Amino acid sequence: MTTSGGWTTQVVEHMRRLEEYRETISRLFPALPKDMVDARAIKDVDALVLALFLRCYPHELSVLEVGTPFGVATFHFAGQPSVLRVLGVDPDLPVTGNAGQTSSIDIARGALAEFADESVKIQLRTGDV
C-alpha cells in the first residue's frame, strides 16, 4: 500500500505531466490561444481532486469522457494507475479563431501522440453519444 507521502509525490508528478501536456498543445498548435485551452480544459483543482480520489478507489476502471476538448482531461485520466482505458467522445466541431479548421479532437490526437504511456490507454471517437 502506498503511503500518503507517496501519493503526494505521485500526484505532484502527474500534475507536472498535465502541465507538460498543455505546453505540448501550445507547441504543436501555436495559433491556438492558450486561454481557449485553459477555458475548455479540466481545472487544476478538479484534476487534483480526481487524482486523489482515484488513488483511494479500490478498483481498476474504464472512463467514458463525453466532450473531449483538446484531450486535457483525457490525458489526465489515462495517467492514473487505476484507469485501464479512456474512451473520449467529441462532436468534432472545428475550433473557431486562429486555429483554422482544426477540430479539438484533432488537436487532442496530435498532442496525445507525444505521450506513449497515456495514449496507449486512449480511444478517441467523434460524433454524437
# chains A, B, ... in the order shown; residues from 1 in each chain; ligands from 1
$ residues_around --residues "Phe115 (chain A)" --least-positions-apart "6" --cutoff "12 Å" --atoms "only C-alpha atoms" --output "MDAnalysis selection string"
chainID A and resid 17:18 20:22 24:25 71 74:76 78:79 108:109 121:122
$ residues_around --residues "Arg125 (chain A)" --least-positions-apart "5" --cutoff "10 Å" --atoms "only C-alpha atoms" --output "short mmCIF file (atom, residue, chain, number, x, y, z; two decimals) with N, CA, C and O atoms, in the first residue's frame"
data_model
loop_
_atom_site.label_atom_id
_atom_site.label_comp_id
_atom_site.auth_asym_id
_atom_site.auth_seq_id
_atom_site.Cartn_x
_atom_site.Cartn_y
_atom_site.Cartn_z
N VAL A 66 -17.31 12.30 -22.10
CA VAL A 66 -18.18 12.88 -23.12
C VAL A 66 -17.81 14.35 -23.26
O VAL A 66 -17.95 15.12 -22.32
N THR A 68 -14.45 16.04 -25.33
CA THR A 68 -13.02 15.84 -25.14
C THR A 68 -12.26 17.06 -25.67
O THR A 68 -11.49 16.96 -26.61
N LEU A 87 -12.24 6.23 -23.02
CA LEU A 87 -12.92 6.45 -24.29
C LEU A 87 -13.43 7.88 -24.27
O LEU A 87 -14.25 8.26 -23.43
N GLY A 88 -12.89 8.70 -25.16
CA GLY A 88 -13.31 10.09 -25.27
C GLY A 88 -14.17 10.25 -26.51
O GLY A 88 -13.79 9.83 -27.60
N VAL A 89 -15.34 10.85 -26.34
CA VAL A 89 -16.27 11.09 -27.45
C VAL A 89 -16.49 12.59 -27.56
O VAL A 89 -16.79 13.26 -26.57
N ASP A 90 -16.31 13.11 -28.78
CA ASP A 90 -16.44 14.54 -29.01
C ASP A 90 -17.16 14.77 -30.33
O ASP A 90 -17.01 13.97 -31.25
N PRO A 91 -17.94 15.85 -30.45
CA PRO A 91 -18.68 16.08 -31.69
C PRO A 91 -17.80 16.47 -32.87
O PRO A 91 -18.26 16.50 -34.00
N ASP A 92 -16.51 16.73 -32.66
CA ASP A 92 -15.56 17.02 -33.73
C ASP A 92 -15.89 18.32 -34.47
O ASP A 92 -15.83 18.39 -35.69
N ILE A 105 -10.68 17.58 -31.34
CA ILE A 105 -10.26 16.18 -31.23
C ILE A 105 -9.01 15.90 -32.07
O ILE A 105 -8.15 15.10 -31.69
#
$ select_by_dssp --residues "region 57-98 of chain A" --states "strand (DSSP E)" --output "list of chain:residue names"
A:Leu61, A:Ser62, A:Val63, A:Leu64, A:Glu65, A:Val66, A:Val83, A:Leu84, A:Arg85, A:Val86, A:Leu87, A:Gly88, A:Val89, A:Asp90
$ write_last_selection --atoms "C-alpha atoms" --output "PDB file, in the first residue's frame"
ATOM      1  CA  LEU A  61     -11.800   1.144 -14.068  1.00  0.00           C
ATOM      2  CA  SER A  62     -12.561   2.451 -17.538  1.00  0.00           C
ATOM      3  CA  VAL A  63     -13.579   6.064 -18.100  1.00  0.00           C
ATOM      4  CA  LEU A  64     -16.055   7.428 -20.635  1.00  0.00           C
ATOM      5  CA  GLU A  65     -15.417  11.097 -21.233  1.00  0.00           C
ATOM      6  CA  VAL A  66     -18.179  12.878 -23.120  1.00  0.00           C
ATOM      7  CA  VAL A  83      -7.560   3.696 -15.073  1.00  0.00           C
ATOM      8  CA  LEU A  84      -7.230   0.907 -17.632  1.00  0.00           C
ATOM      9  CA  ARG A  85      -8.655   2.795 -20.607  1.00  0.00           C
ATOM     10  CA  VAL A  86     -10.336   6.042 -21.558  1.00  0.00           C
ATOM     11  CA  LEU A  87     -12.925   6.446 -24.286  1.00  0.00           C
ATOM     12  CA  GLY A  88     -13.313  10.091 -25.275  1.00  0.00           C
ATOM     13  CA  VAL A  89     -16.266  11.092 -27.449  1.00  0.00           C
ATOM     14  CA  ASP A  90     -16.437  14.545 -29.011  1.00  0.00           C
TER      15      ASP A  90
END
$ residues_around --residues "Ala47 (chain A)" --least-positions-apart "3" --cutoff "12 Å" --atoms "only C-alpha atoms" --output "list in words"
Val11, Val12, His14, Met15, Arg16, Arg17, Leu18, Glu19, Ala41, Ile42, Lys43, Asp44, Leu50, Ala51, Leu52, Phe53, Leu54, Val72, Ala73, Thr74, Phe75, His76, Phe77, Ala78, Gly79 and Gln80 of chain A
$ select_by_dssp --residues "region 4-86 of chain A" --states "alpha helix (DSSP H)" --output "PyMOL selection string"
chain A and resi 4-28+34-40+44-56+72-78
